[in-house]
Amino acid sequence: MSRRGSRQSGNSRITDDQIIELVSKLRQLLPEIQQRRSDKVSASKVLQETCNYIKNLHREVDDLTQRLSQLLATIDADSPEAAIVRGLIT
């Protein structure tokens with residue numbers, strides 16, 4: 001059973017104040033929300049924007065990794081440039 005004001009997950013309990021603090025920290029990290037003038041953004045909107053932001057970051061990483069792999073395929077495998085590119089993608 002959970003009490004009002006707390007959430008239970010196994011042995012750890014997260015209070016409503018902790019959730020509010022974490023959502024506030026997320027709000028500060030998200031470019032989409034930082035650009036807005038209003039502080040009145042719901043917690044659900046912050047969480048939705050966080051998920052979207054993380055998905056976009058994953059897409060960017062995948063795109064950059066693919067571009068680096070293509071670059072590596074076009075240069076001499078034993079060159080210093082190839083070593084740098086390999087270091088970036090591993």
# chains A, B, ... in the order shown; residues from 1 in each chain; ligands from 1
>>> residues_around(residues="Leu71 (chain A)", least_positions_apart="6", cutoff="12 Å", atoms="only C-alpha atoms", output="number ranges by chain")
A: 64-65, 77, 81-86, 88-89
>>> write_last_selection(atoms="C-alpha atoms", output="PDB file, in the first residue's frame")
ATOM      1  CA  LEU A  64      26.558  10.909 -36.611  1.00  0.00           C
ATOM      2  CA  THR A  65      27.724   7.343 -36.056  1.00  0.00           C
ATOM      3  CA  ALA A  77      42.456   2.171 -42.728  1.00  0.00           C
ATOM      4  CA  GLU A  81      42.757  10.055 -39.676  1.00  0.00           C
ATOM      5  CA  ALA A  82      41.248   6.585 -39.594  1.00  0.00           C
ATOM      6  CA  ALA A  83      42.534   6.071 -36.050  1.00  0.00           C
ATOM      7  CA  ILE A  84      40.886   9.333 -34.975  1.00  0.00           C
ATOM      8  CA  VAL A  85      37.558   8.395 -36.565  1.00  0.00           C
ATOM      9  CA  ARG A  86      37.686   4.902 -35.035  1.00  0.00           C
ATOM     10  CA  LEU A  88      35.240   8.684 -32.083  1.00  0.00           C
ATOM     11  CA  ILE A  89      32.865   5.840 -32.852  1.00  0.00           C
TER      12      ILE A  89
END
>>> select_by_dssp(residues="chain A", states="strand (DSSP E or B)", output="list in words")
Ser6, Arg7, Gln8, Ser9, Ser12, Arg13, Ile14 and Thr15 of chain A
>>> write_last_selection(atoms="N, CA and C atoms", output="short mmCIF file (atom, residue, chain, number, x, y, z; two decimals), in the first residue's frame")
data_model
loop_
_atom_site.label_atom_id
_atom_site.label_comp_id
_atom_site.auth_asym_id
_atom_site.auth_seq_id
_atom_site.Cartn_x
_atom_site.Cartn_y
_atom_site.Cartn_z
N SER A 6 3.61 9.88 -1.28
CA SER A 6 4.80 9.11 -1.64
C SER A 6 4.44 8.07 -2.69
N ARG A 7 5.44 7.65 -3.42
CA ARG A 7 5.31 6.59 -4.42
C ARG A 7 6.26 5.48 -3.97
N GLN A 8 5.81 4.24 -4.14
CA GLN A 8 6.66 3.13 -3.73
C GLN A 8 7.14 2.36 -4.95
N SER A 9 8.39 1.98 -4.91
CA SER A 9 8.99 1.14 -5.92
C SER A 9 9.99 0.24 -5.22
N SER A 12 12.50 1.51 -2.14
CA SER A 12 12.73 2.95 -2.15
C SER A 12 11.42 3.70 -2.28
N ARG A 13 11.35 4.83 -1.61
CA ARG A 13 10.16 5.68 -1.66
C ARG A 13 10.55 7.04 -2.19
N ILE A 14 9.78 7.52 -3.12
CA ILE A 14 10.01 8.84 -3.68
C ILE A 14 8.83 9.71 -3.27
N THR A 15 9.14 10.80 -2.61
CA THR A 15 8.08 11.69 -2.14
C THR A 15 7.62 12.60 -3.26
#
>>> atom_distance(atom1="CA of Thr90 (chain A)", atom2="CA of Gln70 (chain A)")
14.3 Å
>>> select_by_dssp(residues="chain A", states="alpha helix (DSSP H)", output="VMD selection string")
chain A and resid 16 to 29 31 to 34 43 to 74 80 to 89
>>> residues_around(residues="Ile33 (chain A)", least_positions_apart="6", cutoff="8 Å", atoms="only C-alpha atoms", output="list of chain:residue names")
A:Arg27, A:Val41, A:Val46, A:Glu49
>>> write_last_selection(atoms="C-alpha atoms", output="compact mmCIF listing (two decimals), in the first residue's frame")
# COMPACT_ATOMS: atom_id res chain seq x y z
CA ARG A 27 12.49 21.57 -17.03
CA VAL A 41 4.38 23.92 -17.81
CA VAL A 46 7.90 18.20 -19.10
CA GLU A 49 9.23 16.82 -23.87
>>> atom_distance(atom1="CA of Ser69 (chain A)", atom2="CA of Asn52 (chain A)")
25.7 Å
>>> atom_distance(atom1="CA of Leu30 (chain A)", atom2="CA of Gln18 (chain A)")
18.7 Å
>>> residues_around(residues="Glu32 (chain A)", least_positions_apart="3", cutoff="12 Å", atoms="only C-alpha atoms", output="short mmCIF file (atom, residue, chain, number, x, y, z; two decimals) with C-alpha atoms, in the first residue's frame")
data_model
loop_
_atom_site.label_atom_id
_atom_site.label_comp_id
_atom_site.auth_asym_id
_atom_site.auth_seq_id
_atom_site.Cartn_x
_atom_site.Cartn_y
_atom_site.Cartn_z
CA LEU A 26 14.28 18.33 -16.17
CA ARG A 27 12.49 21.57 -17.03
CA GLN A 28 15.81 23.44 -16.72
CA LEU A 29 17.57 20.98 -19.05
CA GLN A 35 12.61 28.94 -24.73
CA ARG A 36 9.13 29.50 -23.34
CA ARG A 37 8.54 32.59 -21.27
CA SER A 38 6.01 31.00 -18.95
CA VAL A 41 4.38 23.92 -17.81
CA LYS A 45 4.38 18.11 -20.58
CA VAL A 46 7.90 18.20 -19.10
CA LEU A 47 8.05 14.39 -19.14
CA GLN A 48 6.69 14.26 -22.69
CA GLU A 49 9.23 16.82 -23.87
CA THR A 50 12.00 14.90 -22.06
CA CYS A 51 11.09 11.72 -23.93
CA ASN A 52 11.00 13.60 -27.25
CA TYR A 53 14.34 15.23 -26.52
#
